[in-house]
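Dropping start-v6.cif in here (mmCIF, C-alpha atoms):
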```cif
data_coords
loop_
_atom_site.label_atom_id
_atom_site.label_comp_id
_atom_site.auth_asym_id
_atom_site.auth_seq_id
_atom_site.Cartn_x
_atom_site.Cartn_y
_atom_site.Cartn_z
CA MET G 2 155.28 23.84 63.16
CA GLN G 3 155.63 26.55 65.76
CA PHE G 4 154.96 26.24 69.50
CA VAL G 5 153.86 29.47 71.16
CA LYS G 6 153.94 29.44 74.95
CA THR G 7 151.47 31.93 76.37
CA THR G 8 149.60 32.42 79.62
CA GLY G 9 146.11 32.50 78.12
CA TRP G 10 143.94 32.12 75.06
CA ASP G 11 144.13 35.70 73.76
CA THR G 12 147.33 35.27 71.75
CA GLY G 13 145.90 32.36 69.79
CA THR G 14 142.45 33.82 69.27
CA LYS G 15 143.89 37.12 68.05
CA ALA G 16 146.22 35.35 65.62
CA LEU G 17 143.40 33.21 64.25
CA THR G 18 141.08 36.21 63.95
CA LYS G 19 143.73 38.17 62.04
CA ARG G 20 144.44 35.28 59.67
CA LEU G 21 140.77 34.72 58.85
CA THR G 22 140.14 38.46 58.45
CA ASP G 23 143.19 38.96 56.22
CA GLU G 24 142.24 36.06 53.93
CA LEU G 25 138.62 37.22 53.69
CA LYS G 26 139.66 40.80 52.90
CA ARG G 27 141.68 39.41 50.00
CA SER G 28 138.36 38.06 48.66
CA LYS G 29 139.49 34.50 49.22
CA ARG G 30 136.90 31.76 49.65
CA VAL G 31 137.76 30.64 53.17
CA LEU G 32 136.83 27.37 54.84
CA TRP G 33 137.13 27.52 58.62
CA LEU G 34 137.17 24.17 60.43
CA VAL G 35 135.97 24.60 64.01
CA CYS G 36 136.31 22.13 66.87
CA GLY G 37 134.35 21.72 70.09
CA GLY G 38 135.28 21.14 73.71
CA SER G 39 137.36 23.76 75.50
CA ASN G 40 137.86 25.64 72.21
CA ILE G 41 134.21 26.65 71.96
CA PRO G 42 134.61 29.99 73.82
CA ALA G 43 137.65 30.83 71.67
CA ALA G 44 135.80 30.03 68.44
CA THR G 45 132.87 32.15 69.58
CA LYS G 46 135.19 35.06 70.34
CA VAL G 47 136.89 34.77 66.94
CA MET G 48 133.57 34.65 65.11
CA ALA G 49 132.32 37.73 66.97
CA ALA G 50 135.44 39.66 65.92
CA LEU G 51 135.17 38.93 62.19
CA PRO G 52 133.83 41.89 60.18
CA GLU G 53 130.30 40.93 59.15
CA GLU G 54 130.68 42.31 55.64
CA GLU G 55 133.63 39.98 55.03
CA THR G 56 131.90 36.77 56.19
CA LYS G 57 129.97 36.30 52.94
CA ASN G 58 132.95 34.33 51.58
CA LEU G 59 133.28 32.20 54.71
CA ALA G 60 132.13 28.59 55.12
CA ILE G 61 132.26 26.91 58.52
CA PHE G 62 132.43 23.16 59.11
CA LEU G 63 133.02 21.16 62.28
CA THR G 64 136.17 19.06 62.53
CA ASP G 65 134.13 16.50 64.47
CA GLU G 66 130.77 15.92 66.11
CA ARG G 67 129.17 13.57 68.64
CA TYR G 68 126.48 11.55 66.86
CA GLY G 69 122.87 11.69 68.05
CA GLU G 70 119.67 13.63 67.56
CA ILE G 71 120.01 17.22 66.39
CA ASP G 72 120.70 19.53 69.35
CA HIS G 73 121.42 16.68 71.77
CA VAL G 74 123.16 17.89 74.91
CA ASP G 75 126.68 16.73 73.90
CA SER G 76 126.55 18.06 70.34
CA ASN G 77 129.44 20.37 69.45
CA ALA G 78 127.13 22.40 67.20
CA LYS G 79 124.59 22.78 70.01
CA GLN G 80 127.29 23.89 72.45
CA LEU G 81 128.64 26.43 69.96
CA TYR G 82 125.24 28.01 69.52
CA GLN G 83 124.64 28.01 73.27
CA ALA G 84 127.94 29.88 73.68
CA GLY G 85 126.72 32.63 71.35
CA PHE G 86 128.37 31.55 68.09
CA HIS G 87 126.56 33.62 65.42
CA THR G 88 127.56 32.89 61.84
CA LYS G 89 126.67 36.32 60.38
CA GLN G 90 126.73 35.94 56.56
CA ALA G 91 128.82 32.77 56.63
CA ILE G 92 127.55 29.33 55.66
CA PHE G 93 127.55 26.81 58.50
CA VAL G 94 127.09 23.17 57.53
CA PRO G 95 126.09 20.93 60.46
CA VAL G 96 127.12 17.30 60.71
CA LEU G 97 123.82 16.00 62.02
CA ALA G 98 120.56 15.85 60.05
CA PRO G 99 117.12 14.59 61.09
CA GLY G 100 116.55 10.86 60.75
CA PHE G 101 120.00 10.00 59.37
CA SER G 102 121.72 6.83 60.57
CA LEU G 103 125.40 6.92 61.54
CA ALA G 104 126.41 5.50 58.13
CA GLU G 105 124.16 7.97 56.30
CA THR G 106 125.55 10.84 58.37
CA GLN G 107 129.10 9.80 57.49
CA GLU G 108 128.28 9.64 53.78
CA ARG G 109 126.34 12.93 53.74
CA TYR G 110 128.96 14.87 55.67
CA GLY G 111 131.78 13.32 53.68
CA GLN G 112 130.24 14.53 50.43
CA ALA G 113 129.69 18.02 51.86
CA VAL G 114 133.26 18.19 53.17
CA LYS G 115 134.74 17.11 49.85
CA ARG G 116 132.77 19.81 47.98
CA ALA G 117 133.74 22.47 50.52
CA PHE G 118 137.43 21.58 50.38
CA GLU G 119 137.41 21.67 46.58
CA HIS G 120 135.60 25.03 46.53
CA ALA G 121 137.83 26.79 49.10
CA ASP G 122 140.86 28.89 48.27
CA VAL G 123 142.15 28.69 51.84
CA ILE G 124 141.41 26.14 54.56
CA ILE G 125 142.04 27.30 58.13
CA ALA G 126 141.55 24.84 60.98
CA GLN G 127 141.11 25.46 64.68
CA PHE G 128 141.97 22.49 66.85
CA GLY G 129 142.22 21.49 70.44
CA MET G 130 144.43 18.60 71.45
CA GLY G 131 143.71 15.90 73.99
CA ALA G 132 146.03 14.78 76.76
CA ASP G 133 146.14 11.48 74.86
CA GLY G 134 147.33 13.26 71.70
CA HIS G 135 144.03 13.05 69.82
CA ILE G 136 143.01 15.72 67.35
CA ALA G 137 139.56 16.38 65.88
CA GLY G 138 137.67 13.16 66.72
CA ILE G 139 140.59 10.89 65.84
CA LEU G 140 141.47 8.98 69.00
CA PRO G 141 144.75 7.03 69.31
CA ARG G 142 144.48 3.41 68.18
CA SER G 143 140.87 3.89 67.14
CA GLU G 144 139.13 2.96 63.89
CA ALA G 145 139.53 6.56 62.73
CA VAL G 146 143.32 6.35 62.41
CA GLU G 147 142.95 3.79 59.60
CA ALA G 148 139.86 5.29 57.96
CA ASP G 149 139.73 6.05 54.25
CA GLY G 150 137.80 8.88 52.65
CA TRP G 151 137.00 12.29 54.07
CA VAL G 152 134.97 11.39 57.16
CA ALA G 153 135.04 8.54 59.68
CA ALA G 154 132.20 7.48 61.97
CA TYR G 155 132.71 5.02 64.80
CA GLU G 156 131.80 3.95 68.32
CA ALA G 157 134.26 5.31 70.89
CA PRO G 158 134.33 5.57 74.67
CA HIS G 159 131.84 8.18 75.89
CA TYR G 160 130.59 9.22 72.42
CA THR G 161 129.83 7.91 68.97
CA ARG G 162 132.04 10.12 66.85
CA VAL G 163 131.92 11.57 63.37
CA THR G 164 135.24 13.14 62.38
CA LEU G 165 137.34 14.38 59.52
CA THR G 166 140.03 11.87 58.60
CA PHE G 167 143.77 12.27 58.12
CA GLU G 168 143.09 12.35 54.37
CA ALA G 169 140.92 15.43 54.87
CA LEU G 170 143.24 17.11 57.36
CA ARG G 171 146.15 16.89 54.92
CA HIS G 172 144.38 19.48 52.74
CA ILE G 173 144.51 22.16 55.47
CA THR G 174 146.40 25.36 54.64
CA ALA G 175 147.09 26.41 58.23
CA ALA G 176 146.18 24.97 61.63
CA TYR G 177 145.78 26.97 64.83
CA VAL G 178 145.93 24.65 67.84
CA MET G 179 144.96 25.85 71.32
CA ALA G 180 145.82 23.36 74.05
CA PHE G 181 145.96 24.58 77.63
CA GLY G 182 146.44 22.88 80.98
CA GLU G 183 149.17 20.94 82.72
CA GLY G 184 147.57 17.69 81.61
CA LYS G 185 148.54 18.45 78.00
CA LYS G 186 152.27 18.89 78.69
CA HIS G 187 153.37 15.32 77.98
CA ALA G 188 151.44 15.10 74.72
CA LEU G 189 152.77 18.49 73.64
CA GLU G 190 156.36 17.45 74.40
CA GLN G 191 155.86 14.27 72.39
CA LEU G 192 154.47 16.29 69.51
CA ARG G 193 157.43 18.67 69.56
CA ASP G 194 160.25 16.25 70.35
CA GLU G 195 159.28 12.85 68.94
CA SER G 196 158.17 11.40 65.62
CA LEU G 197 155.46 9.02 66.72
CA PRO G 198 153.18 7.02 64.44
CA LEU G 199 149.82 8.66 63.81
CA VAL G 200 148.13 5.64 65.35
CA ASP G 201 149.77 6.48 68.69
CA GLU G 202 149.52 10.29 68.57
CA PRO G 203 147.12 11.52 65.90
CA ALA G 204 148.20 15.13 66.48
CA GLN G 205 151.47 14.28 64.71
CA ILE G 206 149.48 14.96 61.50
CA LEU G 207 150.20 18.65 62.18
CA LYS G 208 153.78 18.08 61.05
CA GLU G 209 152.53 17.30 57.55
CA LEU G 210 150.72 20.63 57.11
CA PRO G 211 152.18 23.73 55.42
CA GLU G 212 151.57 25.80 58.58
CA ALA G 213 150.74 24.82 62.16
CA PHE G 214 150.81 27.00 65.28
CA VAL G 215 150.41 25.43 68.70
CA TYR G 216 149.34 27.91 71.38
CA ASN G 217 149.73 26.52 74.88
CA ASP G 218 150.84 27.32 78.43
CA GLN G 219 153.34 24.46 78.85
CA ILE G 220 156.11 24.49 76.24
CA GLY G 221 157.63 26.73 73.59
CA ASP G 222 159.82 26.03 70.59
CA LYS G 223 163.15 24.42 71.32
CA ALA G 224 165.94 26.93 71.88
#
```

Can you dump the structure from the file as structure tokens?
Amino acid sequence: MQFVKTTGWDTGTKALTKRLTDELKRSKRVLWLVCGGSNIPAATKVMAALPEEETKNLAIFLTDERYGEIDHVDSNAKQLYQAGFHTKQAIFVPVLAPGFSLAETQERYGQAVKRAFEHADVIIAQFGMGADGHIAGILPRSEAVEADGWVAAYEAPHYTRVTLTFEALRHITAAYVMAFGEGKKHALEQLRDESLPLVDEPAQILKELPEAFVYNDQIGDKA
């Protein structure tokens, strides 16, 4: 895992854009996992920079979503589209579907995720990271940290969440994390300097991946 201290988002977005473009130009079947929150403008910028002719081999899934009606105001998918996220020739598979209960949504998305992971040659994930150390929709000490299967769905403070599980995240080829703001410093230092249980800091899962790059404005790699 590499920590890259930078003053803004450009370094991370350019690196992610290059990685996706390079893999697609090699005719790889690429799965791009996209998060919401403060990363939405970055994801939109990356998508806009991808050569349209290369996006035919690209599939896009959300790392997590807030459960509710399609296009509800807090939906990550809704906010992506509002930000100008245009998928070009890529396939985008939403989490939410009309009339599906939370349990049905979990099962449907879990099946779609499993098929997408099995079909992909390369799985590239874009993450944010919470000040509490959460990643995707996996909150510390929540039901999601103990969940089996590919997708967890549970009631959490503020939102009912549907998220990829640790089991799913362990299949990622490379993760690009973008976490900015002074409020993230403590969690970032814990991630870099300590080996905490996943239940306490879910972002520690990044240490299990083949590649992980953490772009932030607080800390760099240890000297």

Could you pull the residues within 12 Å of G:Met2, counting only C-alpha atoms, minus those fewer than 2 positions along the same chain, as a list in words?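 So, after excluding close chain neighbours, the residues are Phe4, Val5, Ala175, Ala176, Tyr177, Val178, Leu192, Arg193, Asp194, Ala204, Gln205, Ile206, Leu207, Lys208, Glu209, Leu210, Pro211, Glu212, Ala213, Phe214, Val215, Tyr216, Gly221, Asp222 and Lys223 of chain G.
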
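Using the PyMOL selection byres ((chain G and resi 32) around 9) on the file at hand returns these residues: Arg30, Val31, Trp33, Leu34, Asn58, Leu59, Ala60, Ile61, Phe62, Ala117, Phe118, His120, Ala121, Asp122, Val123, Ile124, Ile125 and Ala126 of chain G.
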
Which residue is closest to G:Gly111? Choose from G:Val35, G:Ala154, G:Ala137, G:Leu51 and count only C-alpha atoms. G:Ala154

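Shortest separation to G:Thr8 among G:Ala91, G:Ile220, G:Leu170, G:Ala49 occurs at residue G:Ile220, atoms counted being all atoms listed in the file.
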
Just how far from atom CA of G:Lys185 is atom CA of G:Ala132, in Å to one decimal? 4.6 Å

I want to know what sits within 12 Å of G:Ser39, based on only C-alpha atoms, with residues of the same chain fewer than 4 positions away left out; could you give that as number ranges by chain? G: 10, 35, 43-45, 77, 80-81, 84, 127-131, 178-182

Pick from G:Pro99, G:Gly37, G:Pro42, G:Gly138: nearest to G:Tyr155, with only C-alpha atoms counted? G:Gly138

I need the residue set behind the PyMOL selection byres ((chain G and resi 134) around 8) for this file; please write it as a PyMOL selection string. chain G and resi 130-133+135-136+140-141+188-189+201-204

Please produce a file of the residues just selected, as a PDB file, keeping the file's coordinate frame, where the atoms kept are C-alpha atoms.
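Saved as part_17.pdb:
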```
ATOM      1  CA  MET G 130     144.430  18.600  71.450  1.00  0.00           C
ATOM      2  CA  GLY G 131     143.710  15.900  73.990  1.00  0.00           C
ATOM      3  CA  ALA G 132     146.030  14.780  76.760  1.00  0.00           C
ATOM      4  CA  ASP G 133     146.140  11.480  74.860  1.00  0.00           C
ATOM      5  CA  HIS G 135     144.030  13.050  69.820  1.00  0.00           C
ATOM      6  CA  ILE G 136     143.010  15.720  67.350  1.00  0.00           C
ATOM      7  CA  LEU G 140     141.470   8.980  69.000  1.00  0.00           C
ATOM      8  CA  PRO G 141     144.750   7.030  69.310  1.00  0.00           C
ATOM      9  CA  ALA G 188     151.440  15.100  74.720  1.00  0.00           C
ATOM     10  CA  LEU G 189     152.770  18.490  73.640  1.00  0.00           C
ATOM     11  CA  ASP G 201     149.770   6.480  68.690  1.00  0.00           C
ATOM     12  CA  GLU G 202     149.520  10.290  68.570  1.00  0.00           C
ATOM     13  CA  PRO G 203     147.120  11.520  65.900  1.00  0.00           C
ATOM     14  CA  ALA G 204     148.200  15.130  66.480  1.00  0.00           C
TER      15      ALA G 204
END
```

So, counting all atoms listed in the file, which residue among G:Gly38, G:Glu55, G:Val152, G:Ser76 is closest to G:Glu105? G:Val152

Kindly give the distance, in Å, that separates atom CA of G:Thr14 and atom CA of G:Glu195, rounded to a single decimal.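 One can read the atom CA of G:Thr14 to atom CA of G:Glu195 distance as 26.9 Å.
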
Selection result of the PyMOL selection byres ((chain G and resi 7) around 6) on this file, as a VMD selection string: chain G and resid 6 8 to 9 217 to 218

Given the choices G:Leu63, G:Ala153, G:Ala148, G:Val163, which gets closest to G:Ile92 if the distance is worked out from all atoms listed in the file?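 Result for the nearest residue to G:Ile92: G:Leu63.
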
Rank nothing, just name the residue among G:Gln219, G:Gln107, G:Gln3, G:Gln90 nearest to G:Leu165, using all atoms listed in the file. G:Gln107

Coordinates-based distance that separates atom CA of G:Phe167 from atom CA of G:Leu103 (Å, one decimal): 19.4 Å

I need stretch 15-48 of chain G written out with C-alpha atoms, as a PDB file, in the first residue's frame; please produce it.
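Result file is selection15.pdb:
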```
ATOM      1  CA  LYS G  15      -5.005  11.269 -13.349  1.00  0.00           C
ATOM      2  CA  ALA G  16      -3.494   8.055 -11.987  1.00  0.00           C
ATOM      3  CA  LEU G  17      -6.867   6.305 -11.980  1.00  0.00           C
ATOM      4  CA  THR G  18      -7.677   7.552 -15.478  1.00  0.00           C
ATOM      5  CA  LYS G  19      -4.340   6.274 -16.789  1.00  0.00           C
ATOM      6  CA  ARG G  20      -4.768   2.866 -15.160  1.00  0.00           C
ATOM      7  CA  LEU G  21      -8.275   2.369 -16.536  1.00  0.00           C
ATOM      8  CA  THR G  22      -7.246   3.596 -19.999  1.00  0.00           C
ATOM      9  CA  ASP G  23      -4.142   1.398 -20.104  1.00  0.00           C
ATOM     10  CA  GLU G  24      -6.085  -1.729 -19.099  1.00  0.00           C
ATOM     11  CA  LEU G  25      -8.852  -1.018 -21.612  1.00  0.00           C
ATOM     12  CA  LYS G  26      -6.352  -0.415 -24.421  1.00  0.00           C
ATOM     13  CA  ARG G  27      -4.939  -3.866 -23.695  1.00  0.00           C
ATOM     14  CA  SER G  28      -8.425  -5.200 -24.518  1.00  0.00           C
ATOM     15  CA  LYS G  29      -8.938  -6.278 -20.928  1.00  0.00           C
ATOM     16  CA  ARG G  30     -12.460  -6.667 -19.582  1.00  0.00           C
ATOM     17  CA  VAL G  31     -12.372  -4.049 -16.847  1.00  0.00           C
ATOM     18  CA  LEU G  32     -14.692  -3.743 -13.870  1.00  0.00           C
ATOM     19  CA  TRP G  33     -14.590  -0.293 -12.279  1.00  0.00           C
ATOM     20  CA  LEU G  34     -16.076  -0.022  -8.786  1.00  0.00           C
ATOM     21  CA  VAL G  35     -17.208   3.544  -8.116  1.00  0.00           C
ATOM     22  CA  CYS G  36     -18.114   5.088  -4.773  1.00  0.00           C
ATOM     23  CA  GLY G  37     -20.257   8.092  -3.876  1.00  0.00           C
ATOM     24  CA  GLY G  38     -19.877  11.012  -1.512  1.00  0.00           C
ATOM     25  CA  SER G  39     -17.003  13.431  -2.039  1.00  0.00           C
ATOM     26  CA  ASN G  40     -15.559  11.155  -4.741  1.00  0.00           C
ATOM     27  CA  ILE G  41     -18.416  11.801  -7.152  1.00  0.00           C
ATOM     28  CA  PRO G  42     -16.763  14.789  -8.910  1.00  0.00           C
ATOM     29  CA  ALA G  43     -13.529  12.790  -9.259  1.00  0.00           C
ATOM     30  CA  ALA G  44     -15.335   9.776 -10.724  1.00  0.00           C
ATOM     31  CA  THR G  45     -17.160  12.045 -13.153  1.00  0.00           C
ATOM     32  CA  LYS G  46     -13.884  13.614 -14.248  1.00  0.00           C
ATOM     33  CA  VAL G  47     -12.262  10.203 -14.751  1.00  0.00           C
ATOM     34  CA  MET G  48     -15.206   8.923 -16.785  1.00  0.00           C
TER      35      MET G  48
END
```
